[in-house]
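Okay, protein_15.cif now, which holds mmCIF, C-alpha atoms:
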```
data_coords
#
loop_
_atom_site.label_atom_id
_atom_site.label_comp_id
_atom_site.auth_asym_id
_atom_site.auth_seq_id
_atom_site.Cartn_x
_atom_site.Cartn_y
_atom_site.Cartn_z
CA GLY A 1 -3.11 -59.29 -14.57
CA VAL A 2 -6.76 -60.19 -14.42
CA PRO A 3 -6.42 -63.03 -11.84
CA ALA A 4 -4.53 -60.73 -9.46
CA ALA A 5 -7.11 -57.97 -9.92
CA LEU A 6 -9.94 -60.39 -9.13
CA MET A 7 -8.08 -61.69 -6.06
CA THR A 8 -7.56 -58.10 -4.90
CA MET A 9 -11.22 -57.18 -5.30
CA MET A 10 -12.36 -60.35 -3.54
CA GLY A 11 -9.76 -59.88 -0.76
CA ASN A 12 -10.75 -56.27 -0.20
CA SER A 13 -14.42 -57.17 0.10
CA ILE A 14 -13.70 -60.02 2.53
CA LEU A 15 -11.30 -57.85 4.59
CA ASN A 16 -14.01 -55.21 4.98
CA GLU A 17 -16.41 -57.87 6.24
CA ILE A 18 -13.84 -59.28 8.70
CA VAL A 19 -12.69 -55.97 10.13
CA VAL A 20 -15.65 -53.59 9.75
CA GLN A 21 -18.59 -55.92 10.21
CA ARG A 22 -17.17 -58.71 12.40
CA LYS A 23 -14.79 -56.38 14.28
CA ILE A 24 -11.78 -58.71 14.22
CA PHE A 25 -8.65 -56.61 14.77
CA SER A 26 -5.82 -59.03 15.48
CA PRO A 27 -3.70 -59.40 12.31
CA ASP A 28 -3.20 -63.16 12.69
CA ARG A 29 -6.94 -63.76 13.13
CA ILE A 30 -7.73 -61.45 10.20
CA LEU A 31 -5.41 -63.49 7.98
CA HIS A 32 -6.84 -66.79 9.19
CA GLU A 33 -10.39 -65.64 8.44
CA LEU A 34 -9.31 -64.19 5.09
CA ASP A 35 -7.61 -67.46 4.13
CA VAL A 36 -10.68 -69.52 5.03
CA ARG A 37 -13.02 -67.24 3.06
CA VAL A 38 -10.77 -66.91 -0.01
CA THR A 39 -10.16 -70.68 -0.08
CA GLU A 40 -13.92 -71.29 0.16
CA SER A 41 -14.58 -68.73 -2.57
CA LEU A 42 -12.03 -70.23 -4.94
CA GLY A 43 -13.06 -73.78 -4.15
CA ASN A 44 -12.62 -76.46 -6.77
CA THR A 45 -13.56 -75.87 -10.38
CA ASP A 46 -16.18 -78.04 -12.08
CA ALA A 47 -13.35 -80.00 -13.68
CA GLY A 48 -11.96 -80.83 -10.22
CA GLU A 49 -8.92 -78.59 -10.68
CA ARG A 50 -7.55 -76.55 -7.82
CA VAL A 51 -6.91 -72.84 -8.20
CA ASP A 52 -3.21 -72.00 -7.80
CA ASP A 53 -3.62 -68.27 -7.25
CA GLY A 54 -2.79 -66.96 -3.82
CA MET A 55 -2.54 -63.57 -2.17
CA GLU A 56 0.48 -62.10 -0.41
CA ILE A 57 -0.45 -59.65 2.32
CA GLY A 58 0.95 -57.99 5.42
CA ILE A 59 -1.13 -56.34 8.14
CA LEU A 60 0.02 -53.86 10.77
CA VAL A 61 -2.13 -52.75 13.70
CA PHE A 62 -0.77 -49.83 15.73
CA HIS A 63 -1.39 -49.49 19.49
CA GLN A 64 0.29 -46.52 21.20
CA GLU A 65 3.93 -47.74 21.43
CA ARG A 66 3.42 -51.26 20.10
CA VAL A 67 2.54 -52.63 16.69
CA LEU A 68 1.08 -56.02 15.84
CA PHE A 69 2.17 -57.61 12.57
CA SER A 70 1.16 -60.72 10.71
CA ALA A 71 1.70 -61.64 7.07
CA ALA A 72 1.26 -64.26 4.39
CA MET A 73 4.32 -64.61 2.11
CA SER A 74 5.44 -61.12 3.01
CA SER A 75 7.93 -59.48 5.36
CA LEU A 76 8.07 -56.23 7.25
CA PHE A 77 11.17 -54.06 7.20
CA LEU A 78 11.56 -51.97 10.34
CA ILE A 79 14.22 -49.29 10.52
CA HIS A 80 15.09 -48.28 14.08
CA LYS A 81 17.91 -45.78 14.63
CA GLY A 82 19.31 -46.45 11.17
CA GLU A 83 19.35 -50.26 11.58
CA LEU A 84 17.12 -52.49 9.49
CA GLU A 85 15.29 -55.41 11.08
CA VAL A 86 13.38 -57.95 8.98
CA VAL A 87 10.23 -59.41 10.51
CA LYS A 88 9.16 -62.41 8.47
CA GLY A 89 5.58 -63.41 7.86
CA SER A 90 4.26 -66.93 7.39
CA ARG A 91 5.54 -68.92 4.42
CA PHE A 92 2.28 -69.54 2.62
CA SER A 93 -0.15 -67.31 0.76
CA ILE A 94 -3.82 -66.62 1.33
CA GLY A 95 -6.03 -69.00 -0.64
CA ASN A 96 -3.24 -71.37 -1.70
CA GLN A 97 -4.91 -74.76 -1.79
CA HIS A 98 -1.72 -76.85 -2.05
CA ILE A 99 -0.83 -76.60 1.65
CA LYS A 100 -1.56 -79.99 3.26
CA ARG A 101 -1.47 -78.82 6.90
CA GLU A 102 -3.52 -76.19 8.69
CA LYS A 103 -2.16 -72.71 8.13
CA THR A 104 -1.23 -70.64 11.16
CA PHE A 105 -0.23 -67.02 10.83
CA SER A 106 2.43 -65.83 13.28
CA LEU A 107 1.66 -62.74 15.32
CA HIS A 108 4.60 -60.42 16.02
CA GLU A 109 4.37 -57.79 18.75
CA ILE A 110 6.89 -55.02 18.15
CA ASP A 111 7.73 -52.10 20.42
CA TYR A 112 8.56 -48.96 18.49
CA ASP A 113 9.82 -45.46 19.09
CA GLN A 114 9.08 -42.15 17.46
CA GLY A 115 11.03 -41.96 14.20
CA ASP A 116 10.94 -45.70 13.50
CA ARG A 117 9.94 -46.58 9.95
CA PHE A 118 7.85 -49.56 8.88
CA TYR A 119 7.84 -50.76 5.26
CA LEU A 120 5.50 -53.22 3.59
CA PHE A 121 6.09 -53.91 -0.10
CA SER A 122 5.53 -56.19 -3.04
CA ASP A 123 8.45 -57.89 -4.78
CA GLY A 124 8.15 -55.65 -7.85
CA PHE A 125 10.95 -53.22 -6.97
CA GLN A 126 13.47 -55.95 -6.11
CA ASP A 127 12.56 -57.97 -9.24
CA GLN A 128 12.98 -55.04 -11.66
CA PHE A 129 15.61 -55.67 -14.31
CA GLY A 130 18.16 -52.97 -15.11
CA GLY A 131 21.54 -51.63 -14.15
CA ASP A 132 24.73 -52.09 -16.17
CA ASN A 133 24.31 -55.88 -16.47
CA ASP A 134 20.50 -56.00 -16.85
CA ARG A 135 20.04 -57.85 -13.54
CA LYS A 136 17.33 -57.75 -10.90
CA TYR A 137 17.52 -54.84 -8.47
CA SER A 138 17.74 -57.34 -5.55
CA THR A 139 16.54 -57.35 -1.97
CA SER A 140 19.94 -56.27 -0.60
CA ARG A 141 19.97 -53.14 -2.80
CA PHE A 142 16.37 -52.44 -1.78
CA LYS A 143 17.28 -52.71 1.92
CA ASP A 144 20.23 -50.35 1.43
CA LEU A 145 18.01 -47.86 -0.40
CA LEU A 146 15.46 -47.87 2.42
CA ILE A 147 18.17 -47.40 5.04
CA ARG A 148 19.75 -44.52 3.08
CA THR A 149 16.42 -42.71 2.66
CA SER A 150 14.61 -43.62 5.90
CA HIS A 151 15.59 -40.39 7.66
CA LEU A 152 13.83 -38.30 4.99
CA PRO A 153 10.20 -37.16 5.16
CA MET A 154 7.88 -39.66 3.48
CA PRO A 155 7.14 -37.57 0.34
CA LEU A 156 10.88 -37.20 -0.27
CA GLN A 157 11.41 -40.94 0.30
CA ARG A 158 8.81 -41.62 -2.39
CA GLU A 159 10.63 -39.28 -4.75
CA LYS A 160 13.99 -40.97 -4.07
CA LEU A 161 12.52 -44.45 -4.61
CA ASN A 162 10.98 -43.33 -7.92
CA GLU A 163 14.27 -41.77 -9.03
CA GLU A 164 16.18 -44.95 -8.13
CA LEU A 165 13.67 -47.17 -9.93
CA HIS A 166 13.75 -45.12 -13.14
CA SER A 167 17.53 -44.86 -13.05
CA TRP A 168 17.87 -48.62 -12.47
CA LYS A 169 15.44 -49.83 -15.13
CA GLY A 170 16.65 -47.41 -17.80
CA ALA A 171 15.03 -48.38 -21.11
CA ASN A 172 13.66 -51.66 -19.70
CA ARG A 173 9.92 -52.09 -19.32
CA GLN A 174 8.64 -52.26 -15.78
CA THR A 175 8.74 -55.96 -14.84
CA ASP A 176 5.85 -56.09 -12.37
CA ASP A 177 3.52 -54.00 -10.26
CA ILE A 178 5.39 -52.14 -7.54
CA LEU A 179 4.03 -51.25 -4.13
CA VAL A 180 5.98 -49.75 -1.24
CA VAL A 181 4.03 -48.58 1.83
#
```
Turn the structure described in the file into structure tokens.
Amino acid sequence: GVPAALMTMMGNSILNEIVVQRKIFSPDRILHELDVRVTESLGNTDAGERVDDGMEIGILVFHQERVLFSAAMSSLFLIHKGELEVVKGSRFSIGNQHIKREKTFSLHEIDYDQGDRFYLFSDGFQDQFGGDNDRKYSTSRFKDLLIRTSHLPMPLQREKLNEELHSWKGANRQTDDILVV
């Protein structure tokens, strides 16, 4: 909706400033700076109300055979030799003003090999209603789908994910925005 679109535009602008202009490249520091700036930008309304909107985001930085990962309310799925590993991000969103303590964003350093697959995603696919009993697709089904298709070239993986989504939702409307990277 409109609030999410505004958060995205604001976040993109602030991210460009942090990375391009200020040359901050560590994912945890990027998220910290982003959180400070978004929180300042949202501030309090004239009526003294706090804004509840927050942003979920994951950032990967690749260095030769190592990747750095940090996230806010998001996880990374890594598939290595057919096995899925979940790397969890921090449990609060960017800009959320209801957190009473200082937010710290965990930095994960991950060694990787050629052929490993990294997946960042929104919750839209897992939350899609459908199937025989009109239920949510679920995270476990999503993990299985990624494992089953991870050996395929990326364009074919996209095709398989689209086929699965359309088959699952059937005549149902799409529940939410869906992003899989």
Could you spell out the hits of the PyMOL selection byres ((chain A and resi 125) around 8) on the shown file, as a CSV table (one decimal) with C-alpha atoms, in the frame of the given file?
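Saved result, result_19.csv, follows:
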```csv
chain,number,residue,atom,x,y,z
A,122,SER,CA,5.5,-56.2,-3.0
A,123,ASP,CA,8.4,-57.9,-4.8
A,124,GLY,CA,8.2,-55.6,-7.8
A,126,GLN,CA,13.5,-56.0,-6.1
A,127,ASP,CA,12.6,-58.0,-9.2
A,128,GLN,CA,13.0,-55.0,-11.7
A,137,TYR,CA,17.5,-54.8,-8.5
A,142,PHE,CA,16.4,-52.4,-1.8
A,165,LEU,CA,13.7,-47.2,-9.9
A,176,ASP,CA,5.8,-56.1,-12.4
A,178,ILE,CA,5.4,-52.1,-7.5
A,179,LEU,CA,4.0,-51.2,-4.1
```
**Prompt:** If the PyMOL selection byres ((chain A and resi 11) around 10) is run on the structure shown, which residues does it catch, given as a PyMOL selection string?
**Reply:** chain A and resi 5-10+12-17+34-35+37-38+55+57+94-95
**Request:** Might you pull out every residue within 12 Å of A:Leu146, with all atoms listed in the file counted and same-chain residues fewer than 5 positions away left off, and present them as a ChimeraX atom specification?
**Result:** /A:77-80,82-85,117-121,125-126,139-141,151-152,154,156-158,160-161,164,180-181
**Item:** Computed interatomic separation between atom CA of A:Asn172 and atom CA of A:Arg135 (Å)
**Value:**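 Separation of atom CA of A:Asn172 and atom CA of A:Arg135: 10.8 Å.
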**Message:** Can you translate the PyMOL selection byres ((chain A and resi 89) around 12) into the concrete residues it hits in this file, as JSON, numbers by chain?
**Reply:** {"A": [27, 28, 31, 56, 57, 58, 59, 60, 68, 69, 70, 71, 72, 73, 74, 75, 76, 77, 86, 87, 88, 90, 91, 92, 93, 94, 104, 105, 106, 107, 108, 120]}
**Asked** Smallest atom-to-atom distance to A:Gly115: which of A:Asp144, A:His63, A:Gln97, A:Ser150, using only C-alpha atoms?
**Response**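 Among A:Asp144, A:His63, A:Gln97, A:Ser150, it is A:Ser150 that comes nearest to A:Gly115.
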